[in-house]
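K.L.:
Got my_file05.cif for you, mmCIF, C-alpha atoms:
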data_data
loop_
_atom_site.group_PDB
_atom_site.id
_atom_site.type_symbol
_atom_site.label_atom_id
_atom_site.label_comp_id
_atom_site.auth_asym_id
_atom_site.auth_seq_id
_atom_site.Cartn_x
_atom_site.Cartn_y
_atom_site.Cartn_z
ATOM 1 C CA MET I 654 118.432 72.649 -162.673
ATOM 2 C CA ARG I 655 117.889 75.660 -160.476
ATOM 3 C CA PRO I 656 117.019 75.106 -156.812
ATOM 4 C CA PHE I 657 113.309 75.701 -157.175
ATOM 5 C CA VAL I 658 110.733 74.053 -154.972
ATOM 6 C CA PHE I 659 109.837 70.699 -156.475
ATOM 7 C CA GLU I 660 106.161 70.063 -155.864
ATOM 8 C CA PRO I 661 105.080 67.448 -158.416
ATOM 9 C CA THR I 662 101.562 67.273 -156.981
ATOM 10 C CA LYS I 663 101.045 70.848 -158.171
ATOM 11 C CA TRP I 664 102.238 70.230 -161.717
ATOM 12 C CA PRO I 665 99.637 70.651 -164.475
ATOM 13 C CA VAL I 666 99.962 67.025 -165.526
ATOM 14 C CA ARG I 667 100.094 64.421 -162.829
ATOM 15 C CA VAL I 668 103.362 62.555 -162.528
ATOM 16 C CA PRO I 669 102.759 58.893 -163.405
ATOM 17 C CA THR I 670 103.463 57.413 -160.026
ATOM 18 C CA ASP I 671 103.658 53.853 -161.322
ATOM 19 C CA LEU I 672 106.365 54.906 -163.772
ATOM 20 C CA SER I 673 108.365 56.764 -161.181
ATOM 21 C CA ALA I 674 108.012 53.951 -158.691
ATOM 22 C CA HIS I 675 109.048 51.407 -161.301
ATOM 23 C CA HIS I 676 112.101 53.345 -162.347
ATOM 24 C CA ALA I 677 112.966 54.235 -158.806
ATOM 25 C CA ARG I 678 113.117 50.584 -157.899
ATOM 26 C CA HIS I 679 115.419 49.761 -160.777
ATOM 27 C CA ALA I 680 117.439 52.935 -160.952
ATOM 28 C CA LEU I 681 118.709 52.979 -157.421
ATOM 29 C CA SER I 682 118.273 49.547 -156.035
ATOM 30 C CA ARG I 683 120.778 48.595 -153.388
ATOM 31 C CA ARG I 684 122.177 45.994 -155.778
ATOM 32 C CA ALA I 685 122.761 48.564 -158.523
ATOM 33 C CA PHE I 686 124.372 50.941 -156.067
ATOM 34 C CA MET I 687 126.586 48.275 -154.633
ATOM 35 C CA GLY I 688 127.482 47.142 -158.138
ATOM 36 C CA SER I 689 128.720 50.561 -159.113
ATOM 37 C CA MET I 690 130.710 50.856 -155.933
ATOM 38 C CA ALA I 691 132.236 47.431 -156.564
ATOM 39 C CA GLY I 692 133.507 48.695 -159.902
ATOM 40 C CA VAL I 693 135.192 51.657 -158.290
ATOM 41 C CA ALA I 694 136.667 49.550 -155.558
ATOM 42 C CA GLY I 695 137.926 47.052 -158.102
ATOM 43 C CA ALA I 696 139.658 49.746 -160.108
ATOM 44 C CA ALA I 697 141.255 51.085 -156.974
ATOM 45 C CA MET I 698 142.472 47.689 -155.797
ATOM 46 C CA GLY I 699 143.745 46.539 -159.165
ATOM 47 C CA ALA I 700 142.170 44.347 -161.786
ATOM 48 C CA SER I 701 144.233 41.341 -160.792
ATOM 49 C CA LEU I 702 142.106 40.931 -157.677
ATOM 50 C CA LEU I 703 138.885 40.627 -159.659
ATOM 51 C CA PRO I 704 137.547 37.291 -160.908
ATOM 52 C CA THR I 705 137.539 36.759 -164.665
ATOM 53 C CA SER I 706 133.757 36.873 -164.843
ATOM 54 C CA VAL I 707 133.737 40.387 -163.409
ATOM 55 C CA LEU I 708 136.366 41.571 -165.885
ATOM 56 C CA ALA I 709 134.361 40.169 -168.780
ATOM 57 C CA ALA I 710 131.248 42.028 -167.635
ATOM 58 C CA ARG I 711 133.003 45.335 -167.054
ATOM 59 C CA PRO I 712 131.752 48.040 -169.438
ATOM 60 C CA SER I 713 134.356 49.313 -171.873
ATOM 61 C CA SER I 714 133.132 52.907 -172.243
ATOM 62 C CA SER I 715 135.338 55.796 -171.225
ATOM 63 C CA ALA I 716 132.184 57.851 -170.589
ATOM 64 C CA PRO I 717 131.889 59.234 -167.062
ATOM 65 C CA LYS I 718 129.599 57.759 -164.461
ATOM 66 C CA PRO I 719 126.716 59.844 -163.147
ATOM 67 C CA THR I 720 127.007 61.344 -159.713
ATOM 68 C CA PRO I 721 125.669 58.992 -157.030
ATOM 69 C CA ASN I 722 123.635 61.887 -155.614
ATOM 70 C CA THR I 723 120.012 61.820 -156.686
ATOM 71 C CA VAL I 724 116.848 63.871 -156.912
ATOM 72 C CA PHE I 725 113.596 61.955 -156.354
ATOM 73 C CA ASP I 726 115.840 58.941 -155.660
ATOM 74 C CA MET I 727 116.016 58.358 -159.399
ATOM 75 C CA PHE I 728 117.757 61.199 -161.248
ATOM 76 C CA HIS I 729 121.504 61.435 -160.781
ATOM 77 C CA VAL I 730 121.906 65.154 -160.387
ATOM 78 C CA THR I 731 122.331 67.740 -157.666
ATOM 79 C CA PHE I 732 120.999 71.225 -157.357
ATOM 80 C CA PHE I 733 123.526 73.995 -157.001
ATOM 81 C CA GLY I 734 124.232 76.443 -154.231
ATOM 82 C CA PRO I 735 126.781 77.383 -151.596
ATOM 83 C CA GLY I 736 128.654 74.329 -150.362
ATOM 84 C CA ILE I 737 127.083 71.990 -152.912
ATOM 85 C CA ASP I 738 129.157 69.999 -155.403
ATOM 86 C CA PRO I 739 127.438 70.793 -158.721
ATOM 87 C CA SER I 740 129.101 67.954 -160.645
ATOM 88 C CA SER I 741 126.807 65.700 -162.608
ATOM 89 C CA ILE I 742 129.558 63.086 -162.874
ATOM 90 C CA GLY I 743 131.023 60.932 -160.157
ATOM 91 C CA ASP I 744 134.595 60.010 -159.273
ATOM 92 C CA PHE I 745 135.661 63.406 -160.573
ATOM 93 C CA ASN I 746 138.469 65.782 -159.691
ATOM 94 C CA GLY I 747 138.625 69.137 -161.428
ATOM 95 C CA PHE I 748 137.207 72.547 -162.164
ATOM 96 C CA VAL I 749 133.495 73.274 -162.097
ATOM 97 C CA GLY I 750 131.342 76.206 -163.087
ATOM 98 C CA VAL I 751 127.658 77.023 -162.598
ATOM 99 C CA ALA I 752 125.698 79.784 -164.295
ATOM 100 C CA ASP I 753 122.015 80.362 -163.579
ATOM 101 C CA VAL I 754 121.293 83.254 -165.914
ATOM 102 C CA GLN I 755 117.917 84.810 -166.607
ATOM 103 C CA GLY I 756 116.853 87.187 -169.341
ATOM 104 C CA THR I 757 114.604 87.731 -172.307
ATOM 105 C CA GLY I 758 114.661 86.973 -175.984
ATOM 106 C CA THR I 759 112.580 86.663 -179.087
ATOM 107 C CA GLY I 760 110.727 83.486 -179.930
ATOM 108 C CA THR I 761 109.584 82.923 -183.487
ATOM 109 C CA ASN I 762 106.721 80.470 -183.770
ATOM 110 C CA PRO I 763 106.109 78.096 -186.676
ATOM 111 C CA ASP I 764 103.451 80.468 -188.088
ATOM 112 C CA GLY I 765 105.996 83.278 -188.193
ATOM 113 C CA SER I 766 104.596 85.209 -185.260
ATOM 114 C CA THR I 767 107.071 86.490 -182.717
ATOM 115 C CA GLU I 768 106.886 87.045 -178.985
ATOM 116 C CA THR I 769 109.129 88.038 -176.132
ATOM 117 C CA LEU I 770 109.886 85.110 -173.849
ATOM 118 C CA LEU I 771 111.697 84.848 -170.524
ATOM 119 C CA PHE I 772 114.599 82.444 -170.199
ATOM 120 C CA ASP I 773 116.179 80.713 -167.246
ATOM 121 C CA THR I 774 119.252 78.536 -167.628
ATOM 122 C CA ASP I 775 121.296 76.173 -165.517
ATOM 123 C CA MET I 776 124.609 75.840 -167.311
ATOM 124 C CA ARG I 777 127.558 74.017 -165.779
ATOM 125 C CA PHE I 778 130.939 72.621 -166.749
ATOM 126 C CA MET I 779 133.223 70.005 -165.315
ATOM 127 C CA SER I 780 136.816 69.807 -166.516
ATOM 128 C CA GLY I 781 139.408 67.493 -165.039
ATOM 129 C CA VAL I 782 140.016 63.821 -164.458
ATOM 130 C CA TYR I 783 137.417 61.159 -163.779
ATOM 131 C CA VAL I 784 137.062 57.421 -163.472
ATOM 132 C CA GLY I 785 135.155 56.257 -166.527
ATOM 133 C CA GLN I 786 132.650 53.457 -166.841
ATOM 134 C CA ASP I 787 135.597 51.301 -167.914
ATOM 135 C CA GLY I 788 137.246 51.810 -164.515
ATOM 136 C CA ALA I 789 140.161 53.757 -165.986
ATOM 137 C CA VAL I 790 141.110 57.353 -165.215
ATOM 138 C CA HIS I 791 140.452 59.770 -168.067
ATOM 139 C CA LYS I 792 140.818 63.477 -168.676
ATOM 140 C CA GLY I 793 137.843 65.334 -170.076
ATOM 141 C CA THR I 794 135.532 68.313 -170.198
ATOM 142 C CA PHE I 795 131.757 68.077 -169.908
ATOM 143 C CA GLY I 796 128.929 70.523 -170.062
ATOM 144 C CA PHE I 797 125.630 70.428 -168.192
ATOM 145 C CA VAL I 798 123.009 72.002 -170.420
ATOM 146 C CA MET T 172 117.617 76.061 -171.101
ATOM 147 C CA ASP T 173 114.051 76.977 -170.293
ATOM 148 C CA LEU T 174 111.598 79.446 -171.817
ATOM 149 C CA TYR T 175 108.607 80.946 -170.052
ATOM 150 C CA ARG T 176 105.737 83.067 -171.346
ATOM 151 C CA GLY T 177 104.838 86.144 -169.316
ATOM 152 C CA GLN T 178 106.329 85.172 -165.971
ATOM 153 C CA TYR T 179 108.454 82.527 -164.356
ATOM 154 C CA ASP T 180 106.736 79.668 -162.593
ATOM 155 C CA PHE T 181 109.345 77.545 -160.848
ATOM 156 C CA THR T 182 106.736 75.634 -158.841
ATOM 157 C CA ASN T 183 103.987 74.574 -161.235
ATOM 158 C CA PHE T 184 105.719 75.326 -164.564
ATOM 159 C CA LYS T 185 102.375 76.384 -166.050
ATOM 160 C CA THR T 186 104.037 79.207 -167.967
ATOM 161 C CA GLN T 187 106.952 77.188 -169.302
ATOM 162 C CA VAL T 188 106.754 76.631 -173.054
ATOM 163 C CA HIS T 189 110.131 75.120 -173.984
ATOM 164 C CA ASP T 190 112.822 73.078 -172.254
ATOM 165 C CA PHE T 191 115.967 72.438 -174.260
ATOM 166 C CA ASP T 192 118.213 69.791 -172.769
ATOM 167 C CA PRO T 193 120.264 66.802 -173.950
ATOM 168 C CA GLY T 194 118.241 64.262 -171.984
ATOM 169 C CA ILE T 195 119.125 61.618 -169.445
ATOM 170 C CA ASN T 196 121.200 58.851 -170.951
ATOM 171 C CA PRO T 197 120.267 56.122 -170.282
ATOM 172 C CA TYR T 198 116.917 57.101 -168.798
ATOM 173 C CA PRO T 199 116.317 57.497 -165.911
ATOM 174 C CA GLY T 200 119.481 56.575 -164.033
ATOM 175 C CA GLY T 201 122.160 57.709 -166.473
ATOM 176 C CA LEU T 202 124.084 60.887 -167.104
ATOM 177 C CA PHE T 203 121.795 63.832 -166.501
ATOM 178 C CA TRP T 204 121.775 66.674 -169.067
ATOM 179 C CA THR T 205 125.496 66.115 -169.597
ATOM 180 C CA VAL T 206 127.365 66.414 -172.896
ATOM 181 C CA PRO T 207 131.056 66.062 -173.748
ATOM 182 C CA ASN T 208 133.499 68.614 -175.031
ATOM 183 C CA PRO T 209 132.163 72.115 -174.592
ATOM 184 C CA THR T 210 134.743 74.752 -175.466
ATOM 185 C CA LEU T 211 136.197 76.272 -172.302
ATOM 186 C CA GLY T 212 138.232 79.451 -172.056
ATOM 187 C CA PRO T 213 140.755 80.159 -169.310
ATOM 188 C CA ILE T 214 139.420 79.480 -165.804
ATOM 189 C CA GLU T 215 140.603 82.106 -163.314
ATOM 190 C CA LEU T 216 139.291 81.210 -159.887
ATOM 191 C CA GLY T 217 140.816 84.270 -158.241
ATOM 192 C CA THR T 218 138.970 86.730 -160.440
ATOM 193 C CA GLY T 219 135.910 84.535 -160.948
ATOM 194 C CA THR T 220 136.194 84.455 -164.711
ATOM 195 C CA ALA T 221 135.759 81.663 -167.236
ATOM 196 C CA SER T 222 133.795 80.901 -170.369
ATOM 197 C CA MET T 223 131.994 77.976 -171.981
ATOM 198 C CA SER T 224 130.488 77.752 -175.436
ATOM 199 C CA MET T 225 129.038 75.249 -177.862
ATOM 200 C CA ALA T 226 127.644 75.641 -181.361
ATOM 201 C CA ASN T 227 124.914 73.617 -183.030
ATOM 202 C CA LEU T 228 124.567 71.160 -180.163
ATOM 203 C CA ALA T 229 121.940 68.530 -180.933
ATOM 204 C CA LEU T 230 119.497 68.085 -178.077
ATOM 205 C CA GLN T 231 115.755 67.797 -177.420
ATOM 206 C CA ASP T 232 112.923 70.177 -176.628
ATOM 207 C CA TYR T 233 110.925 68.581 -173.808
ATOM 208 C CA PHE T 234 108.663 71.660 -173.518
ATOM 209 C CA ASP T 235 108.747 71.812 -169.693
ATOM 210 C CA ILE T 236 110.775 70.487 -166.780
ATOM 211 C CA PRO T 237 108.204 68.030 -165.364
ATOM 212 C CA ASN T 238 107.958 66.367 -168.783
ATOM 213 C CA ALA T 239 111.738 66.418 -169.200
ATOM 214 C CA LEU T 240 111.971 64.459 -165.968
ATOM 215 C CA PHE T 241 108.993 62.110 -166.137
ATOM 216 C CA ARG T 242 108.234 61.995 -169.882
ATOM 217 C CA PHE T 243 104.449 61.907 -169.824
ATOM 218 C CA GLU T 244 103.572 64.192 -172.738
ATOM 219 C CA ILE T 245 102.978 62.937 -176.281
ATOM 220 C CA PRO T 246 105.246 63.395 -178.071
ATOM 221 C CA VAL T 247 107.722 63.401 -175.218
ATOM 222 C CA SER T 248 110.102 65.674 -177.078
ATOM 223 C CA THR T 249 111.141 66.958 -180.458
ATOM 224 C CA ASP T 250 114.572 67.258 -182.021
ATOM 225 C CA ALA T 251 116.284 70.561 -181.418
ATOM 226 C CA SER T 252 119.640 72.274 -181.517
ATOM 227 C CA CYS T 253 121.222 75.148 -179.657
ATOM 228 C CA SER T 254 124.274 77.352 -179.479
ATOM 229 C CA PHE T 255 125.398 79.168 -176.355
ATOM 230 C CA ASP T 256 128.144 81.329 -174.938
ATOM 231 C CA VAL T 257 128.412 81.608 -171.161
ATOM 232 C CA LYS T 258 130.820 84.021 -169.519
ATOM 233 C CA TRP T 259 131.684 84.061 -165.832
ATOM 234 C CA THR T 260 132.582 87.672 -165.321
ATOM 235 C CA GLY T 261 133.538 88.103 -161.681
ATOM 236 C CA PRO T 262 134.100 89.559 -159.232
ATOM 237 C CA VAL T 263 134.288 86.853 -156.577
ATOM 238 C CA THR T 264 132.012 87.850 -153.717
ATOM 239 C CA THR T 265 132.417 84.883 -151.387
ATOM 240 C CA THR T 266 134.448 81.692 -151.253
ATOM 241 C CA GLY T 267 133.645 78.613 -149.238
ATOM 242 C CA PRO T 268 134.201 74.897 -148.916
ATOM 243 C CA VAL T 269 132.135 72.118 -150.412
ATOM 244 C CA ASN T 270 130.484 71.008 -147.201
ATOM 245 C CA ASN T 271 126.926 70.195 -148.195
ATOM 246 C CA THR T 272 127.383 67.201 -150.493
ATOM 247 C CA PRO T 273 128.322 63.869 -148.915
ATOM 248 C CA GLY T 274 131.326 62.340 -150.625
ATOM 249 C CA SER T 275 132.571 65.613 -152.098
ATOM 250 C CA THR T 276 135.246 68.103 -151.117
ATOM 251 C CA GLY T 277 136.579 71.275 -152.665
ATOM 252 C CA GLU T 278 136.194 75.011 -152.705
ATOM 253 C CA LEU T 279 133.692 77.166 -154.555
ATOM 254 C CA ALA T 280 133.638 80.879 -155.295
ATOM 255 C CA VAL T 281 130.437 82.802 -155.946
ATOM 256 C CA THR T 282 130.744 85.106 -158.928
ATOM 257 C CA SER T 283 128.519 86.482 -161.715
ATOM 258 C CA ALA T 284 127.712 85.301 -165.225
ATOM 259 C CA THR T 285 126.175 86.415 -168.478
ATOM 260 C CA MET T 286 124.941 84.329 -171.362
ATOM 261 C CA THR T 287 123.769 84.543 -174.941
ATOM 262 C CA TRP T 288 122.114 81.637 -176.659
ATOM 263 C CA SER T 289 119.837 80.534 -179.441
ATOM 264 C CA ALA T 290 117.853 77.389 -180.100
ATOM 265 C CA SER T 291 115.397 75.906 -182.539
ATOM 266 C CA ASN T 292 113.261 72.787 -182.699
ATOM 267 C CA SER T 293 112.013 70.560 -185.496
ATOM 268 C CA LEU T 294 108.492 71.975 -185.181
ATOM 269 C CA GLY T 295 109.674 75.311 -186.561
ATOM 270 C CA PHE T 296 110.157 77.274 -183.328
ATOM 271 C CA ARG T 297 113.237 79.487 -182.965
ATOM 272 C CA PHE T 298 114.585 81.534 -180.079
ATOM 273 C CA VAL T 299 117.345 84.116 -179.863
ATOM 274 C CA SER T 300 118.256 85.619 -176.504
ATOM 275 C CA ASN T 301 118.586 89.319 -175.958
ATOM 276 C CA PRO T 302 122.254 89.892 -175.065
ATOM 277 C CA SER T 303 121.458 92.896 -172.881
ATOM 278 C CA GLY T 304 119.731 92.950 -169.554
ATOM 279 C CA THR T 305 120.513 89.436 -168.369
ATOM 280 C CA THR T 306 120.454 88.663 -164.657
ATOM 281 C CA SER T 307 123.007 86.466 -162.950
ATOM 282 C CA ALA T 308 120.729 84.602 -160.546
ATOM 283 C CA PHE T 309 123.606 82.452 -159.317
ATOM 284 C CA ALA T 310 127.117 81.781 -160.585
ATOM 285 C CA GLN T 311 129.950 79.791 -159.159
ATOM 286 C CA LEU T 312 133.424 78.581 -160.053
ATOM 287 C CA GLY T 313 135.645 76.222 -158.145
ATOM 288 C CA ARG T 314 137.452 72.967 -157.776
ATOM 289 C CA VAL T 315 135.821 69.812 -156.480
ATOM 290 C CA GLN T 316 136.810 66.251 -155.746
ATOM 291 C CA ASN T 317 134.216 63.535 -155.374
ATOM 292 C CA GLY T 318 133.987 59.772 -155.091
ATOM 293 C CA VAL T 319 137.372 58.103 -155.142
ATOM 294 C CA PHE T 320 139.098 61.500 -155.389
ATOM 295 C CA ALA T 321 137.514 63.009 -152.282
ATOM 296 C CA ASP T 322 139.649 63.418 -149.192
#
Transcribe the structure of this file into structure tokens.
P.N.:
Amino acid sequence: MRPFVFEPTKWPVRVPTDLSAHHARHALSRRAFMGSMAGVAGAAMGASLLPTSVLAARPSSSAPKPTPNTVFDMFHVTFFGPGIDPSSIGDFNGFVGVADVQGTGTGTNPDGSTETLLFDTDMRFMSGVYVGQDGAVHKGTFGFV
Amino acid sequence: MDLYRGQYDFTNFKTQVHDFDPGINPYPGGLFWTVPNPTLGPIELGTGTASMSMANLALQDYFDIPNALFRFEIPVSTDASCSFDVKWTGPVTTTGPVNNTPGSTGELAVTSATMTWSASNSLGFRFVSNPSGTTSAFAQLGRVQNGVFAD
């Protein structure tokens, strides 16, 4: 996502404010935030310190956790730029790359007609170690497309 | 990966006609446009060079960024796939610390990049980028630590 000026009120279709408000409440409630931090803290302290009920509820996926940084207080992503961590995953240590490339190309429509279109991309990678949703440290490579 | 007709419009997106991305999983608070296992070439921070590619990646066409974020169009998206090859080409022009993201540390080098890509959607649209004449609007390579790994 390139660092353009986000002005939803100027978008051609109005953003459904009830939807965004609903999701905003649930996506980044203080409880949800504190819950995710409790998982990290638990992994750091050692599982033996956690009550059995917490262990049973712990997700088992090795998938990474989204970055805690948000846009619109609901989407876990950051823009990119000098001094900004472009990672889309949290609890991460490794290499990153960002490529905002623009150019042209040929679009072929369903009716067979062709046209020249402009493209703009925000491509990133993250390669290193991360704490997964299961609380364990994993090694992996991810792309941001 | 976004397509525009005629001119870019990064404020109102009125000219955007396609937005290929892998979605937000789970929506809206999950991993954002993130997929596992792209193919990476050697990463050389000193020269500002690296590469990333994927072939036949399944994703969605959300048509424009506002809809990709807030999902208000009907249909919201259509199945799509893409292939891409990104090359960070150097040279490094500046290097600086990660100092603008709370909870993150590291060092980032500004460099240049090129890219070729293609995509298609289930409605019969296809796109192939022109490999010549691309512009590196911004490119960066570096090392970061965040969350429990940050200093």
K.L.:
Please identify every residue of segment 221-312 of chain T that has at least one atom no farther than 12 Å from an atom of segment 722-732 of chain I, counting only C-alpha atoms, and for each give the shortest atom pair and the distance in Å to one decimal, arranged by chain then increasing number, as a tab-separated table.
P.N.:
residue	atom	partner	partner_atom	distance
T:Ala239	CA	I:Phe728	CA	11.3
T:Leu240	CA	I:Phe728	CA	8.1
T:Phe241	CA	I:Phe728	CA	10.1
T:Asn271	CA	I:Thr731	CA	10.8
T:Thr272	CA	I:Asn722	CA	8.3
T:Pro273	CA	I:Asn722	CA	8.4
T:Gly274	CA	I:Asn722	CA	9.2
T:Ser275	CA	I:Asn722	CA	10.3
T:Phe309	CA	I:Phe732	CA	11.7
K.L.:
With all atoms listed in the file as the atoms that count, which of I:Pro721, I:Gly758, I:Gly765, I:Gly793 lies nearest to chain T?
P.N.:
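Between I:Pro721, I:Gly758, I:Gly765, I:Gly793, the residue approaching chain T most closely is I:Gly758.
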K.L.:
Measuring atom to atom with all atoms listed in the file, identify which of I:Ile742, I:Met779, I:Val749, I:Val784 is nearest to Ser714 of chain I.
P.N.:
I:Val784
K.L.:
For chain I, list the residues within 7 Å of chain T, counting all atoms listed in the file, and write the list as a ChimeraX atom specification.
P.N.:
/I:657-660,663-665,668,676,680,718-719,727-730,736-738,741,743-763,770-775,794-798
K.L.:
What is the distance between atom CA of Ala251 of chain T and atom CA of Phe234 of chain T, in Å to one decimal?
P.N.:
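A separation of 11.0 Å between them.
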K.L.:
What gap, in Å, lies between atom CA of Thr767 of chain I and atom CA of Ser252 of chain T?
P.N.:
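Rounded to one decimal, the two atoms are 19.0 Å apart.
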K.L.:
What does the distance between atom CA of Ile245 of chain T and atom CA of Ser766 of chain I come to in Å, to one decimal place?
P.N.:
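According to the coordinates, atom CA of Ile245 of chain T and atom CA of Ser766 of chain I are separated by 24.1 Å.
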K.L.:
Using all atoms listed in the file, find the one residue out of T:Gly212, T:Ser248, T:Ser254, T:Gly217 that sits nearest to Ala229 of chain T.
P.N.:
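Ranking T:Gly212, T:Ser248, T:Ser254, T:Gly217 by distance to Ala229 of chain T, first place goes to T:Ser254.
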